[in-house]
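Below is one structure, written out as structure tokens, with a few remarks after it.
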Amino acid sequence: MPETLETQAQLMQEANRLYGCLRSVSKTKITKWTLEDCLQAAPYTLAINRFKQEKNAVILAHSYTTPDIVYGVADFRGDSYELALKAQQVSADIIIFAGVWFMAETAKIINPSKQVRIPAGKAGCSLADSITGSEVQKIREDHPGVPALCYINSTAEVKAQCDACVTSSNVFDIAQKMPGQELIFVPDMLMAQNLEAELKRRGTPKKIIASGGSCCVHDKYRPEQVEKLRADYPGIRVVAHPECPIEVCSLCDYVGSTKGMASYIASSKDHTFGMLTEFGLVNRMEAEHPDKQFVWPFGICSYMKKNSLINVLEALLDPRADQIVSVDEMVAAAAKKSIERMFELAK
Ligand code: SF4
């Protein structure tokens with residue numbers, strides 16, 4: 001922690017500001033954020049917010065990072081699609097991306113003149129790390145002429161091998177626009193199953209050729225948990241991410257992206273929601289809807305939780321080599337086409 005000039009009064013004021021945002025937010029499954037927790041975070045949030053002005057930096061935080069980052073220092077918060085759009089528009093010199101590596105890599109690809117830094121260093125993702133660019137190339141060689149989409153949760157090398165990338169917000173609409181009766185979709189095999197079912201439901205069926213990756217958070221949910229939520233909380237609305245197994249999604253009231261789930265909850269008149277997703281989104285909903293109740297069976301992304309106020313400050317002031325994002329130029333050029341195609345198709 002660098003030398004700070006904050007007085008006790010400033011620290012208390014900052015702790016109260018944080019507590020105003022976080023008082024209804026769970027810190028663990030059984031505890032909430034306290035004023036004492038906020039007082040401990042305050043020297044860091046004050047320092048980060050001061051240094052980010054001095055260094056002309058912006059902080060983008062994924063909703064799955066911890067709430068002291070999301071509400072304490074982030075300039076923008078959202079899911080991978082919302083943050084990719086923001087990254088494209090950033091005019092500041094430095095982007096601090098509190099998320100995982102593939103997200104920071106995407107920000108660097110679409111806004112290459114900026115210095116992109118990731119507090120969590122080479123934080124992986126079970127999906128993005130499940131397949132390589134050359135494995136995608138092999139799938140394409142085995143299925144000549146079949147268009148290929150990749151989920152945004154993929155490495156730059158994988159994006160470079162595909163026609164377009166998609167997010168959980170736009171996967172169904174973009175897949176529907178692709179030509180032909182077959183479609184390659186990598187790396188999420190569970191989202192591929194949900195995609196095939198949704199395209200059939202829309203009357204535009206396609207055979208999906210998938211690879212074998214999954215999200216280690218969302219792939220753990222089971223139908224019995226939805227049944228238990230409904231038995232324990234009559235009238236509950238259960239929401240899920242399309243990275244969950246299809247047998248689970250088919251039992252839920254709403255299935256969609258992180259942004260989609262947040263919008264569904266914001267517009268609903270219901271009071272209690274079962275959250276089949278990562279803890280960070282539960283925390284955001286608790287902060288933004290203190291009048292509603294959120295029940296969360298489990299689900300923490302250890303990769304996302306590698307981001308902390310301490311390493312956000314480190315990335316801002318004196319980044320380690322593994323916190324500075326770089327992408328091979330040729331790979332970046334091909335991956336950029338795939339990302340830009342998504343922006344066009346998503347309009
Ligand atoms: S929640 Fe799943 S998909 Fe998202 S970063 Fe973590 S492992 Fe990857």
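We name chains A, B, ... following the order of the structure tokens; residues begin at 1 in each chain, and ligands are numbered from 1 as shown.
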Exercise for review: Could you find all residues in range 63-110 of chain A that DSSP calls strand (DSSP E or B) from the backbone, and write them as a list of chain:residue names?
Suggested key: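 Matching residues, listed in order: A:Phe76, A:Arg77, A:Gly78, A:Ile94, A:Ile95, A:Ile96, A:Phe97, A:Ala98.
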Export of the given selection (C-alpha atoms) as a PDB file, in the first residue's frame:
ATOM      1  CA  PHE A  76     -17.975   0.514 -15.828  1.00  0.00           C
ATOM      2  CA  ARG A  77     -19.380  -2.829 -14.718  1.00  0.00           C
ATOM      3  CA  GLY A  78     -21.094  -5.456 -16.799  1.00  0.00           C
ATOM      4  CA  ILE A  94      -4.818   2.791 -19.689  1.00  0.00           C
ATOM      5  CA  ILE A  95      -7.559   0.166 -19.328  1.00  0.00           C
ATOM      6  CA  ILE A  96      -7.470  -1.800 -16.088  1.00  0.00           C
ATOM      7  CA  PHE A  97      -9.604  -4.858 -16.821  1.00  0.00           C
ATOM      8  CA  ALA A  98     -10.798  -6.631 -13.690  1.00  0.00           C
TER       9      ALA A  98
END
Throw together the list of residues within 6 Å of ligand 1, counting only C-alpha atoms and all ligand atoms, and drop it here as a PDB file with C-alpha atoms, in the first residue's frame.
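What ended up in part_10.pdb:
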ATOM      1  CA  CYS A 125     -11.155 -19.738 -17.611  1.00  0.00           C
ATOM      2  CA  SER A 126     -12.157 -23.391 -17.873  1.00  0.00           C
ATOM      3  CA  LEU A 127     -13.997 -22.644 -21.114  1.00  0.00           C
ATOM      4  CA  CYS A 215     -17.790 -23.462 -17.487  1.00  0.00           C
ATOM      5  CA  CYS A 216     -16.699 -25.029 -14.204  1.00  0.00           C
ATOM      6  CA  VAL A 217     -19.206 -22.830 -12.340  1.00  0.00           C
ATOM      7  CA  CYS A 301     -15.463 -18.549 -10.180  1.00  0.00           C
ATOM      8  CA  TYR A 303     -10.478 -17.238 -11.723  1.00  0.00           C
TER       9      TYR A 303
END
Review point. Quick one: of A:Gln225, A:Gln89, A:Thr132, A:Ser80, who's nearest to Asn111 in chain A, counting only C-alpha atoms?
Key: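 Among A:Gln225, A:Gln89, A:Thr132, A:Ser80, it is A:Gln89 that comes nearest to Asn111 in chain A.
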Point to revise | Residue neighbourhood Gly121 in chain A, 12 Å, only C-alpha atoms, exclusion window fewer than 5 positions, as a list in words | key: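 The filter keeps Ile96, Phe97, Ala98, Gly99, Val100, Trp101, Phe102, Met103, Ala104, Glu105, Val116, Tyr303, Met304, Lys305, Lys306, Asn307, Ser308, Asn311, Val312, Glu314, Ala315, Pro319, Arg320, Ala321, Asp322, Gln323, Ile324, Val325 and Ser326 of chain A.
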Check your understanding: Which of these residues is nearest to Cys165 in chain A, using only C-alpha atoms: A:Tyr19, A:Phe185, A:Phe273, A:Trp296?
Key ->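 Closest to Cys165 in chain A of all the choices is A:Phe185.
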**Study point:** Point-to-point distance from CA of Met275 in chain A to CA of Glu243 in chain A, Å rounded to tenths
**Key:** 13.2 Å
Exercise for review: With a distance cut-off of 12 Å and only C-alpha atoms, select the neighbouring residues of Thr106 in chain A, excluding the residue or stretch itself and same-chain residues fewer than 6 positions from it, and output the selection as a ChimeraX atom specification.
Suggested key: /A:80-81,83-88,95,97,99-100,112,116-118,152-160,165,325-327,331-340
Check your understanding: From the list A:Arg237, A:Lys347, A:Arg222, A:Lys200, which residue is nearest Gln293 in chain A when using only C-alpha atoms?
Key ->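 Answer, going by the shortest atom-to-atom distance: A:Arg237.
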**Study point:** Residue nearest Ser134 in chain A among A:Gln161, A:Thr34, A:Ser24, A:Asn56 (counting only C-alpha atoms)
**Key:**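 Using only C-alpha atoms, the shortest distance to Ser134 in chain A belongs to A:Gln161.
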Review point. Just how far from CA of Glu278 in chain A is CA of Glu227 in chain A, in Å to one decimal?
Key: 19.2 Å
Practice item. Could you check how far CA of Glu14 in chain A sits from CA of Lys259 in chain A, in Å to one decimal? Key: 28.2 Å
**Study point:** Which of range 152-234 of chain A fall in alpha helix (DSSP H), as a VMD selection string
**Key:** chain A and resid 156 to 160 171 to 177 189 to 201 223 to 232
Review point. Can you list, as a ChimeraX atom specification, every protein, DNA or RNA residue that comes within 9 Å of Asn16 in chain A when you count only C-alpha atoms, leaving out same-chain residues fewer than 6 positions away?
Key: /A:35,38-39
Determine, counting only C-alpha atoms, which protein, DNA and RNA residues have an atom within 6 Å of an atom of range 64-70 of chain A; residues of the same chain fewer than 2 positions away are not included. Present the result as a compact mmCIF listing (two decimals) with C-alpha atoms, in the first residue's frame.
# COMPACT_ATOMS: atom_id res chain seq x y z
CA ALA A 61 -15.00 -4.68 -13.92
CA HIS A 62 -16.86 -7.85 -14.76
CA GLY A 72 -15.65 0.84 -5.00
CA VAL A 73 -13.50 1.63 -8.02
CA ALA A 74 -15.03 0.47 -11.32
CA GLY A 280 -20.83 -11.87 -8.20
CA LEU A 281 -24.12 -11.42 -10.04
CA MET A 304 -12.57 -14.06 -11.38
CA LYS A 305 -11.93 -13.91 -7.65
Review point. Which is closer to Pro43 in chain A than all the others in A:Ile310, A:Ala107, A:Val255, A:Ala210, using only C-alpha atoms?
Key: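 For Pro43 in chain A, the nearest of the given residues is A:Ile310.
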